[in-house]
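Engineer: Pasting a structure below so you can have a look.
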Amino acid sequence: MSSTIDRAHRLGRLLAAFAFAIFYAAAARSITPEQIHDIALGEYDQKVDAIAALVASGDEAALALLQSLADGEIQTSGEQVLKIKDKTAIDLITGKAVDPIPQSLDDVVLNNRVRRELATAIAALKLGSADRAVRLAAAKELQRGAADATLPAIRRAQEHEQDPEIKGLLTLARSTNELASDDKATRIGAIRALAESRDPNTKMLLLPLIERKGAEFAEPDAEVRAEAEASLRAIDSRLATGEMIGRVFSGISLGSILLLAALGLAITYGLMGVINMAHGELIMIGAYATYVVQNLFRGHLPGAFDFYLVAAVPVAFCASAVVGMALERSVIRFLYGRPLETLLATWGISLILIQMTRMLFGAQNVQVENPAWMSGGVELMANVVLPYSRIVIIFFAAAVVALVALLLTRTRLGLFVRGVTQNRPMASALGVPTGRVDTYAFGLGSGIAGLAGCALSQIGNVGPDLGQSYIVDSFMVVVLGGVGQLAGTVYAAVGLGIVNKFLEAWSGAVLAKIAVLVFIIVFIQKRPQGLFALKGRMADT
Amino acid sequence: MQRRNALKRLALSAALAIAGLGVTTQALAADTIKVGVLHSLSGTMAISETVLKDVTLMAIDEINAKGGVMGKKLEPVVVDPASNWPLFAEKARQLLTQDKVAVVFGCWTSVSRKSVLPVFEELNGLLFYPVQYEGEELSKNVFYTGAAPNQQAIPAVEYLMSKEGGGAKRWVLLGTDYVYPRTTNKILRAFLHSKGVQDKDIDEKYTPFGHSDYQTIVADIKKFAAGGKTAVVSTINGDSNVPFYKELGNQGLKATDVPVVAFSVGEEELRGVDTNPLVGHLAAWNYFMSLKNPSNDSFKKQWAEYAKAKKLPGADKPLTNDPMEAAYVGIHMWKQAVEKAKSTDTDKVIAAMAGQKFMAPDGFEIKMDEKNHHLWKPVFIGEVQKDGQFNVVWKTKGPIRAQPWSQYIEGNEKKKDEPDKK
């Protein structure tokens with residue numbers, strides 16, 4: 001009977017609330033009502049002071065309170081401070097359950113300063129946890145700078161800590177505080193300890209020591225200053241390696257994207273000498289196909305949402321391949337041998353495709369969400385974070401290149417494609433169905449463009465104009481790499497990506513793009529056939 | 001021969017018929033007042049400007065439902081200049097000369113406004129510009145309902161310098177490469193100098209429109225931040241904001257370490273972004289959707305109902321933002337000015353706009369300044385919350401006057417605080 005179930009539910013909730021209440025009543029004795037009031041309803045200064053007081057107490061209950069504040073579980077109603085969890089509300093000052101939950105609840109207002117104090121306070125209190133991972137994360141958080149209030153907690157933790165890595169981090173955390181000590185030996189010891197830091201934020205603590213204030217230095221003792229400079233040099237060289245790794249990674253990441261975008265174009269251009277201005281739109285079709293698959297998963301399979309990307313890959317390939325093959329069959333094959341007309345015709349088709357997308361999906365960008373495993377990044381060092389989405393795309397691009405290479409070298413279709421590329425009349429004379437090979441090759445090139453679109457949907461905006469931003473880059477890579485082998489496209493794409501990123505770090509995004517274009521123009525003057533060209537008696541291409 | 005004659009006659013009669021239709025529709029059209037809407041509905045700026053077109057149409061429907069202006073209904077003429085700046089000028093000319101609109105509500109980027117300005121001044125048209133901008137302009141034919149730098153940029157930097165805002169000592173000025181970020185950063189650099197910040201502690205960076213790869217830039221910000229407490233002032237415009245904020249989130253650049261305050265990012269631009277890692281980053285505007293007051297409540301309700309009724313994209317989660325509020329205020333003030341002047345003639349309306357007051361969704365009765373064509377606006381600084389809304393952490397007591405000629409640019413002391421009479 002439903003009323004028994006209702007009663008059971010209510011009893012269960014009441015018991016849970018009672019349990020919470022007892023826990024909080026016991027704990028609340030060490031936390032004063034003024035502190036709770038200040039944290040929830042006070043001005044920002046009062047909040048910070050209350051947090052400092054709670055950290056100094058080192059209480060278990062203090063950790064629970066601060067954690068619920070950080071998680072947004074604490075809300076206020078008038079003067080009442082309530083913790084809301086699982087539809088139960090507990091008044092934190094009295095420790096009693098409140099039923100029914102008041103209608104108008106206000107969130108506790110935090111700003112960046114309070115949030116920062118809260119984060120360090122929680123980290124300091126977590127140093128006593130039994131879980132090593134929790135202690136390690138807390139120590140890393142405190143490495144940045146320990147406020148005076150957290151020092152007792154850090155000292156207590158250092159006495160009990162066995163793990164060497166965590167102990168080292170705690171020493172660093174204490175050193176950040178000892179920099180302000182009156183004793184010169186303590187200061188030098190702290191500076192030497194901080195030289196081991198891998199965190200760029202440590203520089204922020206050491207730089208003020210060698211700063212000038214007018215004619216004098218902020219730090220009066222010359223020996224301490226010298227130690228600070230030595231430590232800064234050590235940190236800088238460590239950071240420089242991290243920076244280089246970061247830059248190389250972003251260059252490879254950009255290169256992988258250019259590679260995906262240009263690979264299909266290299267195949268169609270190499271095979272048929274067709275300048276396909278609609279290539280960018282084939283990329284866009286792949287991106288929109290991913291969007292459609294995402295919506296299907298969201299609507300019908302919300303539990304498996306994180307895997308929509310895996311399903312979207314073949315769908316994007318097929319969608320673009322079909323459009324590409326239709327394009328080849330209906331327009332391009334009739335313009336064989338007339339490059340200018342093909343250029344014009346495919347340009348017109350690109351406009352048609354853009355407009356059709358606008359009509360079907362709207363002129364604005366559409367939202368493609370990253371699945372959970374593509375968000376965030378892996379922290380190699382303190383100043384180098386490699387986003388998961390870009391790592392996945394790099395591996396994806398490598399896989400696509402490997403598959404295409406396999407296709408071209410090990411399959412019959414690949415053999416025909418290579419034959420027709422090298423010498424069309426001879427291949428035809430030997431019985432290769434050049435017409436059908438053209439269609440399949442065009443489909444392959446377009447399908448790869450679709451895969452590029454699928455990858456791009458994860459890191460950029462998806463809109464009808466997506467293709468326009470990538471068509472120029474794709475042609476740049478194809479022109480630079482030559483159409484003889486796949487290797488040309490690979491080297492050109494990765495090379496352009498790295499050069500672009502290194503230039504960007506040096507001169508800014510706008511100038512880097514200009515410089516890359518100028519470089520390609522100059523390169524083409526010297527070597528018009530690109531990096532890897534077809535050897536032999538092919539006069540064109 | 002006969003067939004050709006027959007075809008000629010058919011063409012002639014068809015042309016006459018269409019002309020006749022045109023005449024009759026013209027005669028009917030004299031009962032309406034045409035109003036131009038000049039916002040990008042495609043391209044990189046569509047993410048920001050499409051809702052401005054919709055809120056303008058909503059205000060037009062609201063005015064028409066209450067009887068129109070001077071008894072005549074407003075007839076919107078919507079054009080799409082597609083984030084293409086020369087096309088903005090062409091479309092503006094088309095609106096003024098062919099459609100003969102009485103007023104145009106439009107533009108977002110300063111480059112689009114600068115492109116259409118000569119057209120409006122040549123044809124003596126009237127433009128209401130609802131977006132925050134860099135100042136350094138004061139045209140008789142334009143009413144600026146968005147913030148000038150002293151109503152947005154300067155208060156934001158002052159807040160970030162204060163203890164509450166994090167006490168920033170080093171500054172990264174990051175923007176899209178066009179006139180608004182360049183001029184705003186020039187003003188901010190002069191302001192920072194006046195507060196004792198040296199050039200070595202200021203880093204200016206620019207990216208082109210539509211740029212989507214922010215890896216290097218975020219890495220550079222992290223490196224710059226190692227030299228001292230840093231804050232980033234972002235004047236990135238358009239859909240480049242989405243990959244920028246995604247990169248900030250992916251690389252773990254938290255607001256507690258390096259706060260980013262944006263001047264062109266509101267609730268609408270954050271719609272497509274996972275805001276969990278972005279909590280604490282800031283925006284400075286004269287209105288936030290989260291403001292609690294009766295006029296905002298009715299504005300939000302009106303917008304939610306309109307979005308649902310017209311099945312607009314995003315109607316499942318209706319959002320309002322500052323430029324939408326400024327567009328709404330602008331069109332209502334225009335209506336009030338027309339009724340006061342009893343005419344839609346540009347010069348009469350310009351004279352009647354001086355001192356117009358309106359109860360705005362930001363909770364204040366705001367005033368159009370008597371002389372300088374700008375609104376008195378309150379300033380709010382808000383932090384991003386998990387749900388994509390903004391929580392106000394600082395605000396002015398009431399509306400403050402706009403200074404279109406910033407005191408931080410040399411030579412501005414000689415500029416007059418009102419448009420040149422032409």
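Here, A, B, ... name the chains of the structure tokens in the order displayed, residue numbers run from 1 inside each chain, and ligands are numbered from 1 in the same displayed order.
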For chain A, work out the contacting residues on chain B at 6 Å, counting only C-alpha atoms, and write them as a list in words.
Structural biologist: Ser42, Ala46, Thr207, Ser212, Ala226, Gly227, Gly228, Pro243, Asn250, Gln251, Thr256, Gly272 and Gly280 of chain B
Engineer: Just asking: which residues within stretch 207-386 of chain A are strand (DSSP E) according to DSSP, as a PyMOL selection string?
Structural biologist: chain A and resi 212-213+216-217+377-381+384-386
Engineer: Since we have the selection now, will you write its residues out, keeping C-alpha atoms, as a tab-separated table (two decimals), in the first residue's frame?
Structural biologist:
chain	number	residue	atom	x	y	z
A	212	ARG	CA	64.14	46.82	-6.02
A	213	LYS	CA	62.11	49.36	-4.13
A	216	GLU	CA	67.05	49.69	-1.93
A	217	PHE	CA	66.15	46.05	-2.25
A	377	GLY	CA	43.77	17.11	-19.13
A	378	VAL	CA	46.75	15.18	-17.80
A	379	GLU	CA	49.21	17.22	-15.77
A	380	LEU	CA	52.72	16.25	-16.84
A	381	MET	CA	54.38	18.94	-14.79
A	384	VAL	CA	52.31	21.56	-18.62
A	385	VAL	CA	48.76	20.29	-18.92
A	386	LEU	CA	47.94	18.18	-21.98
Engineer: Which residues, written as a PyMOL selection string, have at least one atom at most 9 Å from A:Val323, with only C-alpha atoms counted and residues fewer than 3 positions away on the same chain left out?
Structural biologist: chain A and resi 282+285+318-320+326-328+443+446-447
Engineer: Excluding A:Glu229 and its own-chain neighbours fewer than 5 positions away, which residues fall within 10 Å of it when counting only C-alpha atoms? Please give them as JSON, numbers by chain.
Structural biologist: {"A": [191, 195, 206, 207, 209, 210, 223, 224, 234, 235]}
Engineer: Using only C-alpha atoms, which of the listed residues (B:Tyr287, B:Phe224, B:Phe191, B:Trp334) sits closest to B:Leu126?
Structural biologist: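 The answer is B:Trp334, which sits nearest to B:Leu126.
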Engineer: Set the distance at 8 Å and use only C-alpha atoms: which residues neighbour A:Gln143 once local chain neighbours fewer than 3 positions away are removed? I'd like the list as a ChimeraX atom specification.
Structural biologist: /A:139-140,146,169-170,172-173,176,199
Engineer: Which residue, A:Ser237, A:Thr342, A:Ser77, A:Ser57, has the smallest gap to A:Ala153 when you use only C-alpha atoms?
Structural biologist: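 The shortest atom-to-atom distance to A:Ala153 comes from A:Ser57.
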Engineer: Near B:Glu410, counting only C-alpha atoms, which residues have an atom at most 10 Å away, once you skip same-chain residues fewer than 5 positions from it, shown as a ChimeraX atom specification?
Structural biologist: /B:187,190,405
Engineer: In terms of the shortest atom-to-atom distance over only C-alpha atoms, which of B:Gly165, B:Pro181, B:Pro404, B:Pro155 is closest to B:Val111?
Structural biologist: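 Checking each candidate against B:Val111, we get B:Pro181 as the closest.
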Engineer: Output as a count of residues only all residues of stretch 83-275 of chain B that backbone DSSP marks as helix (DSSP H, G or I).
Structural biologist: 83
Engineer: Using only C-alpha atoms, which residues sit within 9 Å of B:Val260 once same-chain residues fewer than 5 positions away are excluded, as a VMD selection string?
Structural biologist: chain B and resid 231 to 234 255 280 to 283
Engineer: Between atom CA of B:Ala402 and atom CA of B:Ala147, what is the distance, to one decimal in Å?
Structural biologist: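 Between atom CA of B:Ala402 and atom CA of B:Ala147 the gap is 7.4 Å.
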